[in-house]
$ cat final.tsv   # TSV, C-alpha atoms
chain	number	residue	atom	x	y	z
A	1	MET	CA	50.68	9.75	-41.41
A	2	ASP	CA	51.98	8.27	-38.17
A	3	PHE	CA	51.28	4.81	-39.58
A	4	ASN	CA	53.48	5.51	-42.63
A	5	ARG	CA	56.28	6.80	-40.41
A	6	GLU	CA	56.09	3.73	-38.12
A	7	HIS	CA	55.98	1.45	-41.17
A	8	HIS	CA	59.06	3.20	-42.59
A	9	VAL	CA	60.92	2.79	-39.28
A	10	ASP	CA	59.88	-0.85	-39.09
A	11	LEU	CA	61.22	-1.45	-42.60
A	12	ARG	CA	64.50	0.21	-41.69
A	13	VAL	CA	64.80	-1.87	-38.54
A	14	GLN	CA	63.95	-5.00	-40.51
A	15	LYS	CA	66.48	-4.19	-43.26
A	16	THR	CA	69.19	-3.48	-40.70
A	17	ARG	CA	68.51	-6.77	-38.89
A	18	GLU	CA	68.59	-8.62	-42.22
A	19	ALA	CA	71.92	-6.97	-43.09
A	20	ILE	CA	73.36	-7.96	-39.72
A	21	LYS	CA	72.12	-11.55	-40.00
A	22	ASN	CA	73.15	-12.01	-43.63
A	23	THR	CA	76.62	-10.66	-42.91
A	24	PHE	CA	76.84	-12.90	-39.86
A	25	LYS	CA	75.88	-15.95	-41.93
A	26	GLU	CA	78.59	-15.13	-44.48
A	27	MET	CA	81.14	-14.76	-41.72
A	28	ILE	CA	80.16	-18.09	-40.16
A	29	CYS	CA	80.80	-19.75	-43.53
A	30	GLU	CA	84.21	-18.08	-43.83
A	31	MET	CA	85.79	-18.10	-40.40
A	32	PRO	CA	85.88	-19.71	-36.96
A	33	ALA	CA	83.78	-18.28	-34.15
A	34	GLU	CA	86.66	-16.57	-32.35
A	35	LYS	CA	87.40	-14.43	-35.44
A	36	ILE	CA	83.87	-12.98	-35.59
A	37	THR	CA	83.79	-9.59	-33.89
A	38	VAL	CA	81.25	-6.80	-33.76
A	39	LYS	CA	83.77	-4.51	-35.50
A	40	GLU	CA	84.33	-6.93	-38.38
A	41	LEU	CA	80.61	-7.59	-38.71
A	42	THR	CA	79.63	-3.92	-38.70
A	43	ASP	CA	82.37	-3.05	-41.20
A	44	ARG	CA	81.15	-5.74	-43.57
A	45	ALA	CA	77.47	-4.88	-43.07
A	46	ARG	CA	78.31	-1.17	-43.54
A	47	ILE	CA	76.58	-0.11	-40.37
A	48	HIS	CA	77.78	1.79	-37.34
A	49	ARG	CA	78.69	-0.21	-34.23
A	50	LYS	CA	76.06	1.73	-32.28
A	51	THR	CA	73.47	0.50	-34.77
A	52	PHE	CA	74.49	-3.08	-34.05
A	53	TYR	CA	74.07	-2.46	-30.32
A	54	LEU	CA	70.57	-1.10	-30.89
A	55	HIS	CA	69.66	-4.60	-32.09
A	56	TYR	CA	71.94	-6.89	-30.06
A	57	THR	CA	73.73	-6.43	-26.76
A	58	THR	CA	76.61	-8.76	-27.73
A	59	ILE	CA	77.73	-11.02	-30.54
A	60	GLU	CA	76.53	-13.92	-28.36
A	61	ALA	CA	73.03	-12.41	-28.39
A	62	LEU	CA	73.16	-12.51	-32.19
A	63	TYR	CA	74.18	-16.19	-32.03
A	64	GLN	CA	71.26	-16.81	-29.68
A	65	ASP	CA	68.83	-15.10	-32.03
A	66	MET	CA	70.07	-17.13	-35.00
A	67	MET	CA	69.89	-20.36	-32.99
A	68	SER	CA	66.34	-19.54	-31.94
A	69	GLU	CA	65.33	-19.14	-35.58
A	70	ILE	CA	66.89	-22.50	-36.45
A	71	ALA	CA	65.23	-24.16	-33.46
A	72	ASP	CA	61.83	-22.67	-34.33
A	73	GLY	CA	61.98	-24.27	-37.77
A	74	TYR	CA	62.87	-27.60	-36.21
A	75	TYR	CA	60.03	-27.29	-33.68
A	76	GLN	CA	57.57	-26.72	-36.50
A	77	GLU	CA	58.70	-29.98	-38.08
A	78	MET	CA	58.48	-31.81	-34.75
A	79	GLU	CA	54.94	-30.54	-34.20
A	80	LYS	CA	53.91	-32.71	-37.17
A	81	LEU	CA	54.65	-35.82	-35.06
A	82	GLN	CA	52.06	-36.95	-32.58
A	83	PRO	CA	53.35	-38.46	-29.32
A	84	PRO	CA	54.32	-41.10	-28.60
A	85	TYR	CA	56.95	-41.14	-31.33
A	86	SER	CA	60.03	-43.26	-31.81
A	87	PHE	CA	63.62	-42.08	-31.93
A	88	LYS	CA	63.63	-43.21	-35.56
A	89	GLU	CA	60.93	-40.62	-36.30
A	90	VAL	CA	62.78	-37.91	-34.39
A	91	ASN	CA	66.01	-38.85	-36.16
A	92	ARG	CA	64.27	-38.66	-39.56
A	93	ILE	CA	63.10	-35.13	-38.81
A	94	PHE	CA	66.53	-34.17	-37.43
A	95	PHE	CA	68.41	-35.30	-40.55
A	96	THR	CA	65.78	-34.11	-43.02
A	97	TYR	CA	65.52	-30.68	-41.41
A	98	TYR	CA	69.25	-30.05	-41.08
A	99	ALA	CA	70.12	-31.48	-44.49
A	100	LYS	CA	67.98	-28.81	-46.19
A	101	GLN	CA	69.37	-25.83	-44.22
A	102	ASP	CA	71.77	-23.22	-45.57
A	103	LYS	CA	75.53	-23.77	-45.41
A	104	PHE	CA	75.92	-21.58	-42.32
A	105	VAL	CA	73.73	-23.99	-40.29
A	106	GLU	CA	75.92	-26.91	-41.35
A	107	ARG	CA	78.97	-24.91	-40.24
A	108	LEU	CA	77.32	-24.15	-36.88
A	109	ILE	CA	76.84	-27.87	-36.33
A	110	CYS	CA	80.09	-29.20	-37.75
A	111	GLU	CA	82.79	-26.55	-37.29
A	112	PRO	CA	84.53	-27.20	-33.93
A	113	SER	CA	84.64	-23.51	-32.94
A	114	TYR	CA	80.83	-23.29	-33.07
A	115	ARG	CA	80.09	-26.44	-31.08
A	116	SER	CA	79.25	-24.70	-27.81
A	117	PHE	CA	76.49	-22.75	-29.57
A	118	CYS	CA	75.34	-25.88	-31.38
A	119	ASN	CA	75.23	-27.94	-28.21
A	120	LYS	CA	73.07	-25.32	-26.49
A	121	LEU	CA	70.68	-25.40	-29.44
A	122	HIS	CA	70.39	-29.17	-29.40
A	123	THR	CA	70.00	-29.37	-25.65
A	124	ALA	CA	67.06	-26.95	-26.01
A	125	THR	CA	65.54	-28.92	-28.89
A	126	LEU	CA	65.81	-32.17	-26.97
A	127	GLN	CA	64.08	-30.53	-24.01
A	128	HIS	CA	61.34	-29.33	-26.36
A	129	ASN	CA	60.87	-32.91	-27.58
A	130	LEU	CA	60.86	-34.30	-24.06
A	131	ASN	CA	58.29	-31.77	-22.93
A	132	ARG	CA	55.98	-33.19	-25.57
A	133	HIS	CA	56.83	-36.86	-24.94
A	134	ASN	CA	59.33	-38.33	-22.48
A	135	PRO	CA	59.51	-42.12	-22.74
A	136	TYR	CA	61.97	-42.13	-19.81
A	137	ALA	CA	59.93	-40.08	-17.36
A	138	ASP	CA	59.98	-42.98	-14.87
A	139	PHE	CA	63.77	-42.86	-14.64
A	140	GLY	CA	65.51	-40.70	-12.07
A	141	PRO	CA	66.94	-37.36	-13.20
A	142	GLU	CA	70.53	-38.62	-13.35
A	143	MET	CA	69.59	-41.54	-15.60
A	144	GLN	CA	67.55	-39.23	-17.81
A	145	ASN	CA	70.59	-36.94	-18.06
A	146	MET	CA	72.73	-39.88	-19.24
A	147	ILE	CA	70.14	-40.95	-21.83
A	148	ASN	CA	69.71	-37.39	-23.07
A	149	THR	CA	73.46	-36.89	-23.35
A	150	PHE	CA	73.72	-40.11	-25.36
A	151	LEU	CA	70.97	-38.94	-27.73
A	152	ILE	CA	72.38	-35.42	-28.23
A	153	VAL	CA	75.99	-36.46	-28.67
A	154	SER	CA	75.15	-39.42	-30.88
A	155	SER	CA	72.80	-37.48	-33.16
A	156	LEU	CA	75.21	-34.60	-33.61
A	157	GLU	CA	78.27	-36.78	-34.13
A	158	LEU	CA	76.47	-38.99	-36.65
A	159	TYR	CA	75.39	-35.90	-38.58
A	160	ARG	CA	78.91	-34.43	-38.40
A	161	GLN	CA	80.40	-37.69	-39.66
A	162	TRP	CA	77.96	-37.77	-42.58
A	163	VAL	CA	78.97	-34.21	-43.52
A	164	ALA	CA	82.69	-34.97	-43.03
A	165	ASP	CA	82.31	-37.91	-45.41
A	166	GLY	CA	80.93	-35.57	-48.05
A	167	LYS	CA	77.31	-36.77	-47.62
A	168	LYS	CA	78.12	-39.73	-49.85
A	169	ILE	CA	75.47	-41.87	-48.21
A	170	PRO	CA	72.09	-40.81	-49.63
A	171	LEU	CA	69.89	-38.98	-47.11
A	172	ALA	CA	67.26	-41.75	-46.99
A	173	LYS	CA	69.94	-44.37	-46.29
A	174	VAL	CA	71.68	-42.30	-43.60
A	175	ILE	CA	68.32	-41.68	-41.92
A	176	GLU	CA	67.61	-45.42	-41.93
A	177	LEU	CA	71.07	-46.31	-40.58
A	178	THR	CA	71.29	-43.63	-37.89
A	179	GLY	CA	67.67	-44.15	-36.86
A	180	LYS	CA	68.33	-47.81	-36.31
A	181	LEU	CA	71.52	-47.08	-34.35
A	182	LEU	CA	69.78	-44.56	-32.09
A	183	ASP	CA	66.58	-46.54	-31.66
A	184	GLU	CA	68.26	-49.82	-30.84
A	185	GLY	CA	70.83	-48.03	-28.72
A	186	VAL	CA	68.12	-46.79	-26.35
A	187	SER	CA	65.31	-49.24	-26.87
A	188	GLY	CA	66.75	-51.75	-24.42
A	189	LEU	CA	66.39	-49.19	-21.64
A	190	SER	CA	62.61	-48.85	-21.79
A	191	GLY	CA	61.14	-50.25	-18.62
A	192	ASN	CA	64.54	-51.36	-17.27
A	193	HIS	CA	65.82	-49.14	-14.52
$ encode --input "final.tsv" --output "structure tokens"
Amino acid sequence: MDFNREHHVDLRVQKTREAIKNTFKEMICEMPAEKITVKELTDRARIHRKTFYLHYTTIEALYQDMMSEIADGYYQEMEKLQPPYSFKEVNRIFFTYYAKQDKFVERLICEPSYRSFCNKLHTATLQHNLNRHNPYADFGPEMQNMINTFLIVSSLELYRQWVADGKKIPLAKVIELTGKLLDEGVSGLSGNH
């Protein structure tokens, strides 16, 4: 009997979390980050504010949870690559993964008000990639910071431009173009410090 009660509680917790996340996703698609409040979210999700706080300490904690889910999916794709891998391969996974995500993920990446959350996500994903394979490990930390900034900013801005242009370039072609830009943009640095 205790098992059934625990299972029932777990289902309720799971359903509440799903309601919070689904409502949050809808709100991301409809409004800028500064308009999303716990009150608005709980009203839309038809839950009490106290219920929200049982699951998340702040709205930022909800962002963090959503970003972790997105990152986990990306990490699973990256795990398919065996080091050493080229930036073209990483770029292919980046574009392929993000192109197949829901609209709210595209908004998190492209909408200016969400960029601070997006940048944190991509800094973490780059670190994940570098922990597996860092072709610039021989460079000093400051030079690695510059290279990493170039890769993060370039990847994100290329993706944002593709979305802003209505994704008119076919995915395979944009992967080829951006992969070449990123790979040749950093390839001259290997071994030259």
$ residues_around --input "final.tsv" --residues "Asn148 of chain A" --least-positions-apart "4" --cutoff "9 Å" --atoms "all atoms listed in the file" --output "PyMOL selection string"
chain A and resi 123+126-127+143-144+152-153
$ closest_residue --input "final.tsv" --among "A:Arg44, A:Arg115, A:Lys173, A:Lys35" --to "Ile20 of chain A" --atoms "only C-alpha atoms"
A:Arg44
$ closest_residue --input "final.tsv" --among "A:Met67, A:Leu11, A:Ala19, A:Leu54" --to "Ala124 of chain A" --atoms "only C-alpha atoms"
A:Met67
$ atom_distance --input "final.tsv" --atom1 "atom CA of Glu69 of chain A" --atom2 "atom CA of Glu176 of chain A"
27.1 Å
$ atom_distance --input "final.tsv" --atom1 "atom CA of Lys100 of chain A" --atom2 "atom CA of Pro112 of chain A"
20.7 Å
